[in-house]
$ cat target-v5.pdb   # PDB, C-alpha atoms and all ligand atoms
ATOM      1  CA  MET A 105      79.187  88.051 105.740  1.00  0.00           C
ATOM      2  CA  VAL A 106      82.470  86.565 104.632  1.00  0.00           C
ATOM      3  CA  ASP A 107      83.236  83.222 106.122  1.00  0.00           C
ATOM      4  CA  ILE A 108      86.756  82.788 107.488  1.00  0.00           C
ATOM      5  CA  PHE A 109      87.029  79.482 105.676  1.00  0.00           C
ATOM      6  CA  ASP A 110      86.688  81.303 102.368  1.00  0.00           C
ATOM      7  CA  ASN A 111      90.189  82.591 102.892  1.00  0.00           C
ATOM      8  CA  ARG A 112      93.320  80.790 102.004  1.00  0.00           C
ATOM      9  CA  ILE A 113      94.469  79.139 105.213  1.00  0.00           C
ATOM     10  CA  ILE A 114      98.110  78.340 105.723  1.00  0.00           C
ATOM     11  CA  CYS A 115      99.203  75.673 108.177  1.00  0.00           C
ATOM     12  CA  LYS A 116     101.041  77.277 111.056  1.00  0.00           C
ATOM     13  CA  LYS A 117     103.239  74.213 111.499  1.00  0.00           C
ATOM     14  CA  CYS A 118     104.557  73.698 108.002  1.00  0.00           C
ATOM     15  CA  ASN A 119     103.279  76.626 105.910  1.00  0.00           C
ATOM     16  CA  SER A 120     101.378  74.439 103.461  1.00  0.00           C
ATOM     17  CA  GLU A 121      98.029  75.517 102.145  1.00  0.00           C
ATOM     18  CA  MET A 122      95.227  73.803 104.011  1.00  0.00           C
ATOM     19  CA  LYS A 123      92.366  72.073 102.223  1.00  0.00           C
ATOM     20  CA  LYS A 124      88.671  72.053 103.068  1.00  0.00           C
ATOM     21  CA  GLN A 125      87.121  68.857 104.282  1.00  0.00           C
ATOM     22  CA  ASN A 126      83.884  68.139 106.083  1.00  0.00           C
ATOM     23  CA  ILE A 127      83.943  65.646 108.859  1.00  0.00           C
ATOM     24  CA  GLU A 128      81.136  63.887 110.622  1.00  0.00           C
ATOM     25  CA  LYS A 129      80.976  63.290 114.343  1.00  0.00           C
ATOM     26  CA  ASN A 130      77.950  61.708 116.013  1.00  0.00           C
ATOM     27  CA  GLY A 131      75.797  62.613 113.024  1.00  0.00           C
ATOM     28  CA  PHE A 132      77.027  66.182 113.019  1.00  0.00           C
ATOM     29  CA  ILE A 133      78.757  67.596 110.001  1.00  0.00           C
ATOM     30  CA  LEU A 134      81.633  69.884 110.842  1.00  0.00           C
ATOM     31  CA  ARG A 135      83.475  72.016 108.356  1.00  0.00           C
ATOM     32  CA  SER A 136      87.218  71.785 108.688  1.00  0.00           C
ATOM     33  CA  VAL A 137      90.471  72.485 106.926  1.00  0.00           C
ATOM     34  CA  PHE A 138      93.380  70.127 107.063  1.00  0.00           C
ATOM     35  CA  CYS A 139      97.000  70.199 106.092  1.00  0.00           C
ATOM     36  CA  PRO A 140      97.820  67.537 103.496  1.00  0.00           C
ATOM     37  CA  LYS A 141     101.419  67.532 104.679  1.00  0.00           C
ATOM     38  CA  CYS A 142     101.376  67.303 108.449  1.00  0.00           C
ATOM     39  CA  LYS A 143      97.675  66.419 108.948  1.00  0.00           C
ATOM     40  CA  GLU A 144      97.044  69.402 111.210  1.00  0.00           C
ATOM     41  CA  ARG A 145      93.312  70.106 111.310  1.00  0.00           C
ATOM     42  CA  ILE A 146      91.197  73.126 112.207  1.00  0.00           C
ATOM     43  CA  ILE A 147      87.473  72.784 112.804  1.00  0.00           C
ATOM     44  CA  HIS A 148      85.302  75.713 111.764  1.00  0.00           C
ATOM     45  CA  PRO A 149      84.792  77.692 114.993  1.00  0.00           C
ATOM     46  CA  ASN A 150      81.015  78.039 114.511  1.00  0.00           C
ATOM     47  CA  ASP A 151      80.558  74.339 113.919  1.00  0.00           C
ATOM     48  CA  GLU A 152      82.803  73.480 116.818  1.00  0.00           C
ATOM     49  CA  GLN A 153      80.704  75.663 119.108  1.00  0.00           C
ATOM     50  CA  GLU A 154      77.467  73.998 117.946  1.00  0.00           C
ATOM     51  CA  TYR A 155      79.019  70.612 118.440  1.00  0.00           C
ATOM     52  CA  LYS A 156      80.082  71.484 121.989  1.00  0.00           C
ATOM     53  CA  LYS A 157      76.539  72.608 122.720  1.00  0.00           C
ATOM     54  CA  PHE A 158      75.290  69.285 121.468  1.00  0.00           C
ATOM     55  CA  ILE A 159      77.754  67.327 123.590  1.00  0.00           C
ATOM     56  CA  SER A 160      76.897  69.281 126.709  1.00  0.00           C
ATOM     57  CA  LEU A 161      73.186  68.660 126.112  1.00  0.00           C
ATOM     58  CA  LYS A 162      73.923  65.028 125.459  1.00  0.00           C
ATOM     59  CA  ASN A 163      75.707  64.662 128.773  1.00  0.00           C
ATOM     60  CA  LYS A 164      73.189  66.636 130.736  1.00  0.00           C
ATOM     61  CA  GLU A 165      70.645  64.898 132.890  1.00  0.00           C
ATOM     62  CA  PHE A 166      67.225  66.483 133.067  1.00  0.00           C
ATOM     63  CA  LYS A 167      64.898  65.755 135.915  1.00  0.00           C
ATOM     64  CA  VAL A 168      61.350  65.650 134.631  1.00  0.00           C
ATOM     65  CA  LYS A 169      58.212  64.767 136.520  1.00  0.00           C
ATOM     66  CA  MET A 170      55.567  62.340 135.403  1.00  0.00           C
ATOM     67  CA  ARG A 171      52.062  63.734 135.453  1.00  0.00           C
ATOM     68  CA  MET A 172      48.837  61.882 135.131  1.00  0.00           C
ATOM     69  CA  VAL A 173      46.866  63.028 132.070  1.00  0.00           C
ATOM     70  CA  GLY A 174      43.672  61.069 131.652  1.00  0.00           C
ATOM     71  CA  ASN A 175      44.751  57.452 131.639  1.00  0.00           C
ATOM     72  CA  SER A 176      48.331  58.177 130.607  1.00  0.00           C
ATOM     73  CA  TYR A 177      51.377  59.640 132.167  1.00  0.00           C
ATOM     74  CA  ALA A 178      52.968  62.667 130.587  1.00  0.00           C
ATOM     75  CA  VAL A 179      56.499  63.916 130.843  1.00  0.00           C
ATOM     76  CA  SER A 180      57.713  67.184 129.419  1.00  0.00           C
ATOM     77  CA  ILE A 181      60.660  67.394 127.092  1.00  0.00           C
ATOM     78  CA  PRO A 182      63.013  70.177 128.151  1.00  0.00           C
ATOM     79  CA  LYS A 183      62.768  73.180 125.860  1.00  0.00           C
ATOM     80  CA  GLU A 184      66.553  73.285 125.603  1.00  0.00           C
ATOM     81  CA  ILE A 185      66.575  70.022 123.683  1.00  0.00           C
ATOM     82  CA  VAL A 186      63.742  70.867 121.338  1.00  0.00           C
ATOM     83  CA  SER A 187      65.142  74.341 120.638  1.00  0.00           C
ATOM     84  CA  PHE A 188      68.532  72.911 119.850  1.00  0.00           C
ATOM     85  CA  ILE A 189      67.117  70.476 117.301  1.00  0.00           C
ATOM     86  CA  LYS A 190      65.082  73.266 115.730  1.00  0.00           C
ATOM     87  CA  GLU A 191      68.087  75.603 115.691  1.00  0.00           C
ATOM     88  CA  GLN A 192      69.866  73.057 113.577  1.00  0.00           C
ATOM     89  CA  GLU A 193      67.151  73.807 111.024  1.00  0.00           C
ATOM     90  CA  ARG A 194      65.859  70.316 111.105  1.00  0.00           C
ATOM     91  CA  VAL A 195      62.168  69.863 110.686  1.00  0.00           C
ATOM     92  CA  MET A 196      60.689  67.991 113.539  1.00  0.00           C
ATOM     93  CA  ASN A 197      57.539  66.024 113.350  1.00  0.00           C
ATOM     94  CA  ASN A 198      55.374  66.419 116.433  1.00  0.00           C
ATOM     95  CA  MET A 199      54.908  62.677 116.554  1.00  0.00           C
ATOM     96  CA  VAL A 200      57.649  60.910 118.423  1.00  0.00           C
ATOM     97  CA  LYS A 201      58.283  57.235 118.756  1.00  0.00           C
ATOM     98  CA  LEU A 202      58.460  55.830 122.207  1.00  0.00           C
ATOM     99  CA  CYS A 203      60.173  52.519 122.863  1.00  0.00           C
ATOM    100  CA  PHE A 204      60.592  50.478 125.964  1.00  0.00           C
ATOM    101  CA  GLU A 205      64.224  49.726 125.289  1.00  0.00           C
ATOM    102  CA  ASP A 206      65.427  47.899 128.350  1.00  0.00           C
ATOM    103  CA  PHE A 207      63.940  47.404 131.727  1.00  0.00           C
ATOM    104  CA  GLY A 208      64.032  50.827 133.378  1.00  0.00           C
ATOM    105  CA  ARG A 209      64.798  52.595 130.123  1.00  0.00           C
ATOM    106  CA  LEU A 210      62.456  54.388 127.765  1.00  0.00           C
ATOM    107  CA  SER A 211      63.675  55.982 124.593  1.00  0.00           C
ATOM    108  CA  LEU A 212      62.053  58.756 122.681  1.00  0.00           C
ATOM    109  CA  ASN A 213      62.838  59.012 118.981  1.00  0.00           C
ATOM    110  CA  PHE A 214      62.268  62.273 117.201  1.00  0.00           C
ATOM    111  CA  ASP A 215      61.242  61.893 113.655  1.00  0.00           C
ATOM    112  CA  ILE A 216      63.878  64.016 112.021  1.00  0.00           C
ATOM    113  CA  LYS A 217      63.567  63.943 108.300  1.00  0.00           C
ATOM    114  CA  PRO A 218      66.981  63.341 106.841  1.00  0.00           C
ATOM    115  CA  ASP A 219      66.205  64.123 103.207  1.00  0.00           C
ATOM    116  CA  LYS A 220      65.596  67.861 103.211  1.00  0.00           C
ATOM    117  CA  ASN A 221      67.246  68.626 106.482  1.00  0.00           C
ATOM    118  CA  THR A 222      70.583  67.002 106.315  1.00  0.00           C
ATOM    119  CA  ARG A 223      73.076  69.756 106.172  1.00  0.00           C
ATOM    120  CA  VAL A 224      74.904  69.373 102.935  1.00  0.00           C
ATOM    121  CA  ILE A 225      78.091  71.298 102.605  1.00  0.00           C
ATOM    122  CA  LYS A 226      79.914  71.338  99.351  1.00  0.00           C
ATOM    123  CA  ALA A 227      83.113  73.039  98.442  1.00  0.00           C
ATOM    124  CA  ARG A 228      84.780  72.491  95.155  1.00  0.00           C
ATOM    125  CA  GLU A 229      87.301  74.166  93.064  1.00  0.00           C
ATOM    126  CA  TYR A 230      88.241  73.618  89.454  1.00  0.00           C
ATOM    127  CA  LYS A 231      90.075  75.244  86.644  1.00  0.00           C
ATOM    128  CA  LEU A 232      89.289  75.477  82.997  1.00  0.00           C
ATOM    129  CA  VAL A 233      92.478  74.923  81.088  1.00  0.00           C
ATOM    130  CA  ARG A 234      93.177  75.526  77.419  1.00  0.00           C
ATOM    131  CA  ASN A 235      96.595  74.865  75.864  1.00  0.00           C
ATOM    132  CA  ASN A 236      97.966  74.203  79.341  1.00  0.00           C
ATOM    133  CA  LYS A 237      96.956  77.679  80.421  1.00  0.00           C
ATOM    134  CA  PRO A 238      94.284  78.194  83.048  1.00  0.00           C
ATOM    135  CA  ILE A 239      91.548  80.369  81.630  1.00  0.00           C
ATOM    136  CA  ILE A 240      88.941  80.370  84.344  1.00  0.00           C
ATOM    137  CA  HIS A 241      89.268  79.382  87.957  1.00  0.00           C
ATOM    138  CA  ILE A 242      85.953  78.475  89.576  1.00  0.00           C
ATOM    139  CA  LYS A 243      85.288  78.101  93.267  1.00  0.00           C
ATOM    140  CA  GLU A 244      81.945  76.895  94.501  1.00  0.00           C
ATOM    141  CA  PHE A 245      80.629  76.698  98.009  1.00  0.00           C
ATOM    142  CA  SER A 246      77.182  75.742  99.222  1.00  0.00           C
ATOM    143  CA  ASP A 247      75.754  74.984 102.613  1.00  0.00           C
ATOM    144  CA  SER A 248      72.144  73.873 102.847  1.00  0.00           C
ATOM    145  CA  ALA A 249      71.883  75.202 106.408  1.00  0.00           C
ATOM    146  CA  ASN A 250      73.053  78.660 105.366  1.00  0.00           C
ATOM    147  CA  PRO A 251      72.056  79.098 101.738  1.00  0.00           C
ATOM    148  CA  LYS A 252      72.898  82.783 101.976  1.00  0.00           C
ATOM    149  CA  ASN A 253      76.560  81.776 102.135  1.00  0.00           C
ATOM    150  CA  ASN A 254      76.377  79.899  98.860  1.00  0.00           C
ATOM    151  CA  LYS A 255      78.632  81.271  96.244  1.00  0.00           C
ATOM    152  CA  LYS A 256      80.338  80.651  93.009  1.00  0.00           C
ATOM    153  CA  VAL A 257      83.432  82.658  92.214  1.00  0.00           C
ATOM    154  CA  TYR A 258      84.947  82.964  88.764  1.00  0.00           C
ATOM    155  CA  LYS A 259      88.408  84.267  88.335  1.00  0.00           C
ATOM    156  CA  LEU A 260      90.188  84.827  85.083  1.00  0.00           C
ATOM    157  CA  GLY A 261      93.610  83.297  84.645  1.00  0.00           C
ATOM    158  CA  ASP A 262      95.614  81.446  87.236  1.00  0.00           C
ATOM    159  CA  GLU A 263      94.885  83.144  90.525  1.00  0.00           C
TER     160      GLU A 263
HETATM  161 ZN    ZN B   1     101.050  71.424 108.015  1.00  0.00          ZN
END

$ encode --input "target-v5.pdb" --output "structure tokens"
Amino acid sequence: MVDIFDNRIICKKCNSEMKKQNIEKNGFILRSVFCPKCKERIIHPNDEQEYKKFISLKNKEFKVKMRMVGNSYAVSIPKEIVSFIKEQERVMNNMVKLCFEDFGRLSLNFDIKPDKNTRVIKAREYKLVRNNKPIIHIKEFSDSANPKNNKKVYKLGDE
């Protein structure tokens, strides 16, 4: 599948070529392109959709019941939340940390390993030049969440 961001994107306001840039919002990495001239920015539609899902989950209040299990109380974590974390291809440890944060407030911390599971998106472009003439033009793209989209394109000459 060809990603739309692999195309050359021209700013609709000033006709300049837009450049790729990843931005981070609330721990989320979003692919985007921006116009170096007028600062217009477009977020990758897939990432924007995922981010909206996250925000709507974040603002949602779930009513869960406490049940007595042995000498402890148990609450269930809504599947929606767990599925979303897993969808993001983050590995979740089944152990969670529970903290009594403030009076009347308990927090549950999922042990999400940042090393292997941080989504790393790289896009770079460079040219090999000899005698002021571009010989090879290389474009590289990699996304740890979608390794199938990784690619390296070589083009001869100045294209
Ligand atoms: Zn522009």

$ residues_near_ligand --input "target-v5.pdb" --ligand "ligand ZN 1 (chain B)" --cutoff "8 Å" --atoms "all atoms listed in the file" --output "CSV table (one decimal) with C-alpha atoms, keeping the file's coordinate frame"
chain,number,residue,atom,x,y,z
A,114,ILE,CA,98.1,78.3,105.7
A,115,CYS,CA,99.2,75.7,108.2
A,116,LYS,CA,101.0,77.3,111.1
A,117,LYS,CA,103.2,74.2,111.5
A,118,CYS,CA,104.6,73.7,108.0
A,119,ASN,CA,103.3,76.6,105.9
A,120,SER,CA,101.4,74.4,103.5
A,121,GLU,CA,98.0,75.5,102.1
A,122,MET,CA,95.2,73.8,104.0
A,138,PHE,CA,93.4,70.1,107.1
A,139,CYS,CA,97.0,70.2,106.1
A,140,PRO,CA,97.8,67.5,103.5
A,141,LYS,CA,101.4,67.5,104.7
A,142,CYS,CA,101.4,67.3,108.4
A,143,LYS,CA,97.7,66.4,108.9
A,144,GLU,CA,97.0,69.4,111.2

$ closest_residue --input "target-v5.pdb" --among "A:Lys255, A:Arg234, A:Lys129, A:Lys201" --to "Glu154 in chain A" --atoms "all atoms listed in the file"
A:Lys129

$ closest_residue --input "target-v5.pdb" --among "A:Asn235, A:Ile240, A:Asn150, A:Arg209" --to "Val257 in chain A" --atoms "all atoms listed in the file"
A:Ile240

$ atom_distance --input "target-v5.pdb" --atom1 "CA of Arg135 in chain A" --atom2 "CA of Lys259 in chain A"
24.0 Å

$ atom_distance --input "target-v5.pdb" --atom1 "CA of Asn236 in chain A" --atom2 "CA of Arg112 in chain A"
24.1 Å

$ closest_residue --input "target-v5.pdb" --among "A:Phe158, A:Tyr258, A:Phe188, A:Phe214" --to "Glu229 in chain A" --atoms "only C-alpha atoms"
A:Tyr258

$ resolve_selection --input "target-v5.pdb" --expression "the PyMOL selection byres (((chain A and resi 132) around 10) and not hetatm)" --output "list in words"
Asn126, Ile127, Glu128, Lys129, Asn130, Gly131, Ile133, Leu134, Arg135, Asp151, Glu154, Tyr155, Phe158, Gln192, Thr222 and Arg223 of chain A

$ closest_residue --input "target-v5.pdb" --among "A:Ile147, A:Val179, A:Ile242, A:Ile185" --to "Lys164 in chain A" --atoms "all atoms listed in the file"
A:Ile185
